[in-house]
>>> print(open('structure.pdb').read())   # PDB, C-alpha atoms, pLDDT in the B column
ATOM      1  CA  MET A   1     103.485 117.418 136.961  1.00 45.00           C
ATOM      2  CA  ALA A   2     102.168 115.689 133.817  1.00 47.00           C
ATOM      3  CA  ALA A   3     104.164 112.843 132.364  1.00 48.00           C
ATOM      4  CA  ALA A   4     105.798 113.305 128.986  1.00 49.00           C
ATOM      5  CA  ALA A   5     103.954 111.791 126.048  1.00 52.00           C
ATOM      6  CA  ALA A   6     105.165 108.335 125.103  1.00 48.00           C
ATOM      7  CA  PRO A   7     106.989 108.044 121.788  1.00 50.00           C
ATOM      8  CA  ARG A   8     104.676 107.192 118.926  1.00 51.00           C
ATOM      9  CA  PRO A   9     104.917 103.639 117.606  1.00 49.00           C
ATOM     10  CA  ALA A  10     106.628 103.274 114.239  1.00 46.00           C
ATOM     11  CA  VAL A  11     103.342 102.276 112.620  1.00 43.00           C
ATOM     12  CA  GLU A  12     101.951 105.755 113.331  1.00 59.00           C
ATOM     13  CA  ARG A  13     104.881 107.318 111.522  1.00 73.00           C
ATOM     14  CA  THR A  14     104.112 105.515 108.300  1.00 83.00           C
ATOM     15  CA  HIS A  15     101.288 105.985 105.863  1.00 89.00           C
ATOM     16  CA  ARG A  16     101.526 102.629 104.132  1.00 92.00           C
ATOM     17  CA  VAL A  17      98.676 100.148 104.346  1.00 95.00           C
ATOM     18  CA  GLU A  18     101.267  97.357 104.326  1.00 94.00           C
ATOM     19  CA  ASP A  19     102.764  98.602 107.592  1.00 92.00           C
ATOM     20  CA  TYR A  20      99.420  98.865 109.359  1.00 92.00           C
ATOM     21  CA  ALA A  21      98.367  95.421 108.112  1.00 94.00           C
ATOM     22  CA  ALA A  22     101.631  93.838 109.279  1.00 94.00           C
ATOM     23  CA  ARG A  23     101.343  95.475 112.693  1.00 91.00           C
ATOM     24  CA  LEU A  24      97.800  94.149 113.058  1.00 92.00           C
ATOM     25  CA  GLY A  25      98.724  90.694 111.769  1.00 95.00           C
ATOM     26  CA  TYR A  26      96.528  90.847 108.677  1.00 95.00           C
ATOM     27  CA  SER A  27      97.144  90.847 104.968  1.00 96.00           C
ATOM     28  CA  VAL A  28      96.696  94.101 103.070  1.00 96.00           C
ATOM     29  CA  ARG A  29      93.709  92.556 101.326  1.00 97.00           C
ATOM     30  CA  THR A  30      92.024  91.567 104.600  1.00 96.00           C
ATOM     31  CA  LEU A  31      92.612  94.992 106.145  1.00 96.00           C
ATOM     32  CA  THR A  32      91.317  96.747 103.047  1.00 96.00           C
ATOM     33  CA  ARG A  33      88.190  94.581 102.962  1.00 97.00           C
ATOM     34  CA  ALA A  34      87.535  95.171 106.667  1.00 96.00           C
ATOM     35  CA  THR A  35      88.033  98.914 106.325  1.00 96.00           C
ATOM     36  CA  LEU A  36      85.786  99.007 103.270  1.00 96.00           C
ATOM     37  CA  ALA A  37      83.060  97.087 105.105  1.00 97.00           C
ATOM     38  CA  ALA A  38      83.289  99.286 108.210  1.00 96.00           C
ATOM     39  CA  THR A  39      83.694 102.718 106.637  1.00 95.00           C
ATOM     40  CA  GLY A  40      82.854 102.453 102.955  1.00 96.00           C
ATOM     41  CA  HIS A  41      86.428 103.434 102.083  1.00 95.00           C
ATOM     42  CA  GLY A  42      89.550 101.430 101.394  1.00 95.00           C
ATOM     43  CA  ALA A  43      92.360 101.253 103.944  1.00 95.00           C
ATOM     44  CA  LYS A  44      94.575 103.846 102.226  1.00 95.00           C
ATOM     45  CA  THR A  45      91.747 106.360 101.998  1.00 95.00           C
ATOM     46  CA  PHE A  46      90.885 105.733 105.644  1.00 94.00           C
ATOM     47  CA  ILE A  47      94.516 106.248 106.733  1.00 94.00           C
ATOM     48  CA  ASP A  48      94.820 109.428 104.658  1.00 94.00           C
ATOM     49  CA  GLU A  49      91.549 110.864 105.984  1.00 94.00           C
ATOM     50  CA  ARG A  50      92.592 110.153 109.559  1.00 93.00           C
ATOM     51  CA  LEU A  51      95.992 111.707 108.918  1.00 94.00           C
ATOM     52  CA  ALA A  52      94.395 114.832 107.435  1.00 95.00           C
ATOM     53  CA  LEU A  53      92.056 115.065 110.435  1.00 94.00           C
ATOM     54  CA  GLU A  54      94.989 114.832 112.864  1.00 94.00           C
ATOM     55  CA  ALA A  55      96.885 117.456 110.872  1.00 95.00           C
ATOM     56  CA  LYS A  56      93.878 119.788 111.067  1.00 95.00           C
ATOM     57  CA  ARG A  57      93.620 119.231 114.811  1.00 94.00           C
ATOM     58  CA  LEU A  58      97.296 120.022 115.346  1.00 94.00           C
ATOM     59  CA  LEU A  59      97.123 123.102 113.122  1.00 95.00           C
ATOM     60  CA  LEU A  60      94.007 124.467 114.777  1.00 94.00           C
ATOM     61  CA  HIS A  61      94.659 123.722 118.434  1.00 92.00           C
ATOM     62  CA  GLY A  62      98.417 124.114 118.654  1.00 90.00           C
ATOM     63  CA  ASP A  63     101.150 126.558 117.827  1.00 91.00           C
ATOM     64  CA  SER A  64     103.591 124.057 116.318  1.00 93.00           C
ATOM     65  CA  THR A  65     105.142 124.974 113.015  1.00 95.00           C
ATOM     66  CA  THR A  66     104.134 123.191 109.863  1.00 95.00           C
ATOM     67  CA  ALA A  67     107.569 121.552 109.831  1.00 95.00           C
ATOM     68  CA  THR A  68     107.072 120.209 113.361  1.00 94.00           C
ATOM     69  CA  ILE A  69     103.632 118.856 112.499  1.00 95.00           C
ATOM     70  CA  ALA A  70     104.977 117.260 109.319  1.00 94.00           C
ATOM     71  CA  ASP A  71     107.681 115.514 111.325  1.00 93.00           C
ATOM     72  CA  ARG A  72     105.274 114.435 114.058  1.00 93.00           C
ATOM     73  CA  LEU A  73     102.957 112.862 111.496  1.00 93.00           C
ATOM     74  CA  GLY A  74     105.791 111.017 109.786  1.00 92.00           C
ATOM     75  CA  PHE A  75     106.228 113.000 106.591  1.00 94.00           C
ATOM     76  CA  PRO A  76     109.747 113.090 105.145  1.00 93.00           C
ATOM     77  CA  SER A  77     109.601 116.864 104.588  1.00 94.00           C
ATOM     78  CA  THR A  78     107.402 119.893 105.044  1.00 96.00           C
ATOM     79  CA  THR A  79     106.916 120.049 101.272  1.00 97.00           C
ATOM     80  CA  VAL A  80     105.536 116.506 101.114  1.00 95.00           C
ATOM     81  CA  PHE A  81     103.222 117.258 104.054  1.00 96.00           C
ATOM     82  CA  ALA A  82     101.980 120.492 102.456  1.00 97.00           C
ATOM     83  CA  ARG A  83     101.329 118.693  99.166  1.00 97.00           C
ATOM     84  CA  PHE A  84      99.438 115.899 100.964  1.00 97.00           C
ATOM     85  CA  PHE A  85      97.408 118.387 103.023  1.00 97.00           C
ATOM     86  CA  ARG A  86      96.504 120.510 100.020  1.00 97.00           C
ATOM     87  CA  HIS A  87      95.488 117.443  98.015  1.00 97.00           C
ATOM     88  CA  ARG A  88      93.218 116.182 100.842  1.00 96.00           C
ATOM     89  CA  THR A  89      91.736 119.523 101.953  1.00 95.00           C
ATOM     90  CA  GLY A  90      92.067 121.930  99.040  1.00 96.00           C
ATOM     91  CA  GLU A  91      94.215 124.426 100.921  1.00 96.00           C
ATOM     92  CA  THR A  92      97.689 124.727 102.361  1.00 96.00           C
ATOM     93  CA  PRO A  93      98.301 124.054 106.049  1.00 97.00           C
ATOM     94  CA  THR A  94      99.015 127.740 106.671  1.00 95.00           C
ATOM     95  CA  ALA A  95      95.872 128.863 104.840  1.00 95.00           C
ATOM     96  CA  PHE A  96      93.799 126.319 106.782  1.00 96.00           C
ATOM     97  CA  ARG A  97      95.189 127.521 110.119  1.00 94.00           C
ATOM     98  CA  THR A  98      94.571 131.163 109.271  1.00 93.00           C
ATOM     99  CA  ARG A  99      91.041 130.588 107.975  1.00 91.00           C
ATOM    100  CA  ALA A 100      90.011 128.205 110.759  1.00 89.00           C
ATOM    101  CA  ARG A 101      91.211 130.506 113.515  1.00 85.00           C
ATOM    102  CA  ILE A 102      89.348 133.557 112.228  1.00 85.00           C
ATOM    103  CA  THR A 103      86.133 131.771 111.222  1.00 70.00           C
ATOM    104  CA  PRO A 104      83.680 131.695 114.139  1.00 67.00           C
ATOM    105  CA  PRO A 105      82.297 128.243 115.010  1.00 65.00           C
ATOM    106  CA  ASN A 106      78.734 127.458 113.918  1.00 64.00           C
TER     107      ASN A 106
END
>>> encode(input="structure.pdb", output="structure tokens")
Amino acid sequence: MAAAAAPRPAVERTHRVEDYAARLGYSVRTLTRATLAATGHGAKTFIDERLALEAKRLLLHGDSTTATIADRLGFPSTTVFARFFRHRTGETPTAFRTRARITPPN
């Protein structure tokens, strides 16, 4: 029988650069410079892109509700998650799930 997933660390439930920097032992400025050098994007953009990617993965490969995904990713409400997702992807979580599941892979 598979073991239950370990609880996510508090840093993964936040979307603030300050929290990630503190957890890593760096200043926000140092983390932002490192992220910019490594990816070409600032730390906040990097965090948001990674969060959007994880949201897409959960929407596409799971049957969890949008509310459950919002909670899992650390959003205070489904509305805030939907607004974030739409801003980053151009469509709502439900529209993404519907479109992605009926569109054949390339």
>>> closest_residue(input="structure.pdb", among="A:Pro76, A:His61, A:Gly42, A:Arg50", to="Val28 in chain A", atoms="all atoms listed in the file")
A:Gly42
>>> atom_distance(input="structure.pdb", atom1="CA of Thr94 in chain A", atom2="CA of Asp63 in chain A")
11.4 Å
>>> residues_around(input="structure.pdb", residues="range 20-24 of chain A", least_positions_apart="4", cutoff="12 Å", atoms="all atoms listed in the file", output="ChimeraX atom specification")
/A:9-16,28-35,43-44,46-47
>>> axis_aligned_box(input="structure.pdb", around="range 41-57 of chain A", padding_each_side="4 Å", output="lines of an AutoDock Vina configuration file")
center_x = 91.7
center_y = 110.5
center_z = 108.1
size_x = 18.5
size_y = 26.5
size_z = 21.4
>>> atom_distance(input="structure.pdb", atom1="CA of Gly25 in chain A", atom2="CA of Phe84 in chain A")
27.4 Å
>>> resolve_selection(input="structure.pdb", expression="the PyMOL selection byres ((chain A and resi 88) around 12)", output="list in words")
Thr45, Phe46, Ile47, Asp48, Glu49, Arg50, Leu51, Ala52, Leu53, Ala55, Lys56, Phe81, Ala82, Arg83, Phe84, Phe85, Arg86, His87, Thr89, Gly90, Glu91, Thr92, Pro93 and Phe96 of chain A
>>> atom_distance(input="structure.pdb", atom1="CA of Arg101 in chain A", atom2="CA of Leu58 in chain A")
12.3 Å
>>> resolve_selection(input="structure.pdb", expression="the PyMOL selection byres ((chain A and resi 72) around 10)", output="PDB file with C-alpha atoms, in the coordinates of the input")
ATOM      1  CA  ARG A   8     104.676 107.192 118.926  1.00 51.00           C
ATOM      2  CA  GLU A  12     101.951 105.755 113.331  1.00 59.00           C
ATOM      3  CA  ARG A  13     104.881 107.318 111.522  1.00 73.00           C
ATOM      4  CA  ALA A  55      96.885 117.456 110.872  1.00 95.00           C
ATOM      5  CA  LEU A  58      97.296 120.022 115.346  1.00 94.00           C
ATOM      6  CA  THR A  66     104.134 123.191 109.863  1.00 95.00           C
ATOM      7  CA  ALA A  67     107.569 121.552 109.831  1.00 95.00           C
ATOM      8  CA  THR A  68     107.072 120.209 113.361  1.00 94.00           C
ATOM      9  CA  ILE A  69     103.632 118.856 112.499  1.00 95.00           C
ATOM     10  CA  ALA A  70     104.977 117.260 109.319  1.00 94.00           C
ATOM     11  CA  ASP A  71     107.681 115.514 111.325  1.00 93.00           C
ATOM     12  CA  LEU A  73     102.957 112.862 111.496  1.00 93.00           C
ATOM     13  CA  GLY A  74     105.791 111.017 109.786  1.00 92.00           C
ATOM     14  CA  PHE A  75     106.228 113.000 106.591  1.00 94.00           C
TER      15      PHE A  75
END
>>> closest_residue(input="structure.pdb", among="A:Ser27, A:Asp19, A:Leu60, A:Gly40", to="Arg97 in chain A", atoms="only C-alpha atoms")
A:Leu60
>>> decode(input="structure.pdb", residues="chain A", atoms="C-alpha atoms", output="tab-separated table (two decimals), in the first residue's frame")
chain	number	residue	atom	x	y	z
A	1	MET	CA	0.00	0.00	0.00
A	2	ALA	CA	1.38	3.44	-0.95
A	3	ALA	CA	2.22	5.85	1.82
A	4	ALA	CA	0.17	9.01	2.17
A	5	ALA	CA	1.71	12.15	0.73
A	6	ALA	CA	3.60	14.23	3.26
A	7	PRO	CA	2.05	17.57	4.17
A	8	ARG	CA	3.34	20.40	2.02
A	9	PRO	CA	5.75	22.80	3.71
A	10	ALA	CA	4.32	26.21	4.54
A	11	VAL	CA	6.54	27.84	1.94
A	12	GLU	CA	4.68	25.97	-0.81
A	13	ARG	CA	1.40	27.37	0.43
A	14	THR	CA	2.51	30.94	-0.04
A	15	HIS	CA	3.12	32.91	-3.19
A	16	ARG	CA	5.28	35.63	-1.69
A	17	VAL	CA	8.88	36.04	-2.77
A	18	GLU	CA	9.69	37.12	0.79
A	19	ASP	CA	8.64	33.73	2.16
A	20	TYR	CA	10.67	31.76	-0.35
A	21	ALA	CA	13.73	33.97	0.22
A	22	ALA	CA	13.47	33.59	4.00
A	23	ARG	CA	13.12	29.82	3.72
A	24	LEU	CA	16.21	29.67	1.52
A	25	GLY	CA	18.18	32.05	3.73
A	26	TYR	CA	18.54	34.78	1.12
A	27	SER	CA	17.33	38.32	0.78
A	28	VAL	CA	14.52	39.05	-1.66
A	29	ARG	CA	17.00	40.99	-3.77
A	30	THR	CA	19.48	38.10	-3.93
A	31	LEU	CA	16.77	35.59	-4.81
A	32	THR	CA	15.35	37.87	-7.48
A	33	ARG	CA	18.79	38.43	-9.01
A	34	ALA	CA	19.54	34.70	-9.01
A	35	THR	CA	16.18	33.86	-10.56
A	36	LEU	CA	16.63	36.57	-13.18
A	37	ALA	CA	20.10	35.27	-14.06
A	38	ALA	CA	18.93	31.65	-14.27
A	39	THR	CA	15.59	32.06	-16.02
A	40	GLY	CA	15.40	35.57	-17.43
A	41	HIS	CA	12.45	36.31	-15.14
A	42	GLY	CA	12.18	37.81	-11.69
A	43	ALA	CA	11.37	35.64	-8.68
A	44	LYS	CA	7.67	36.58	-8.53
A	45	THR	CA	7.16	35.81	-12.21
A	46	PHE	CA	8.99	32.51	-11.77
A	47	ILE	CA	6.83	31.55	-8.76
A	48	ASP	CA	3.63	32.52	-10.58
A	49	GLU	CA	4.58	30.59	-13.73
A	50	ARG	CA	5.42	27.50	-11.68
A	51	LEU	CA	2.15	27.84	-9.78
A	52	ALA	CA	0.18	28.13	-13.02
A	53	LEU	CA	1.97	25.07	-14.40
A	54	GLU	CA	1.12	23.04	-11.29
A	55	ALA	CA	-2.50	24.21	-11.49
A	56	LYS	CA	-2.67	23.08	-15.12
A	57	ARG	CA	-1.21	19.70	-14.20
A	58	LEU	CA	-3.73	19.19	-11.41
A	59	LEU	CA	-6.63	20.29	-13.62
A	60	LEU	CA	-5.63	18.08	-16.52
A	61	HIS	CA	-4.53	14.91	-14.77
A	62	GLY	CA	-6.86	14.82	-11.78
A	63	ASP	CA	-10.52	15.00	-10.93
A	64	SER	CA	-10.20	17.39	-7.98
A	65	THR	CA	-12.56	20.32	-7.91
A	66	THR	CA	-11.31	23.80	-8.57
A	67	ALA	CA	-11.89	24.58	-4.89
A	68	THR	CA	-9.72	21.65	-3.82
A	69	ILE	CA	-6.94	22.67	-6.20
A	70	ALA	CA	-7.15	26.27	-5.00
A	71	ASP	CA	-6.76	25.11	-1.41
A	72	ARG	CA	-3.94	22.72	-2.25
A	73	LEU	CA	-2.00	25.49	-3.97
A	74	GLY	CA	-2.48	27.88	-1.07
A	75	PHE	CA	-5.05	30.30	-2.44
A	76	PRO	CA	-7.40	31.87	0.12
A	77	SER	CA	-10.47	31.18	-2.03
A	78	THR	CA	-11.59	29.63	-5.29
A	79	THR	CA	-12.33	33.11	-6.63
A	80	VAL	CA	-8.76	34.30	-6.03
A	81	PHE	CA	-7.41	31.13	-7.67
A	82	ALA	CA	-9.69	31.53	-10.70
A	83	ARG	CA	-8.66	35.17	-11.09
A	84	PHE	CA	-4.96	34.24	-10.84
A	85	PHE	CA	-5.36	31.36	-13.32
A	86	ARG	CA	-7.27	33.46	-15.82
A	87	HIS	CA	-4.72	36.27	-15.59
A	88	ARG	CA	-1.80	33.85	-16.19
A	89	THR	CA	-3.41	31.64	-18.86
A	90	GLY	CA	-6.20	33.64	-20.46
A	91	GLU	CA	-8.94	31.21	-19.50
A	92	THR	CA	-10.76	29.98	-16.43
A	93	PRO	CA	-9.69	26.75	-14.73
A	94	THR	CA	-12.90	25.03	-15.85
A	95	ALA	CA	-12.50	26.19	-19.46
A	96	PHE	CA	-8.87	25.03	-19.46
A	97	ARG	CA	-9.81	21.59	-18.14
A	98	THR	CA	-12.59	21.18	-20.69
A	99	ARG	CA	-10.50	22.36	-23.63
A	100	ALA	CA	-7.37	20.42	-22.65
A	101	ARG	CA	-9.23	17.16	-22.18
A	102	ILE	CA	-10.96	17.27	-25.57
A	103	THR	CA	-7.99	18.59	-27.57
A	104	PRO	CA	-5.90	15.69	-28.91
A	105	PRO	CA	-2.17	15.88	-28.12
A	106	ASN	CA	0.16	16.93	-30.95
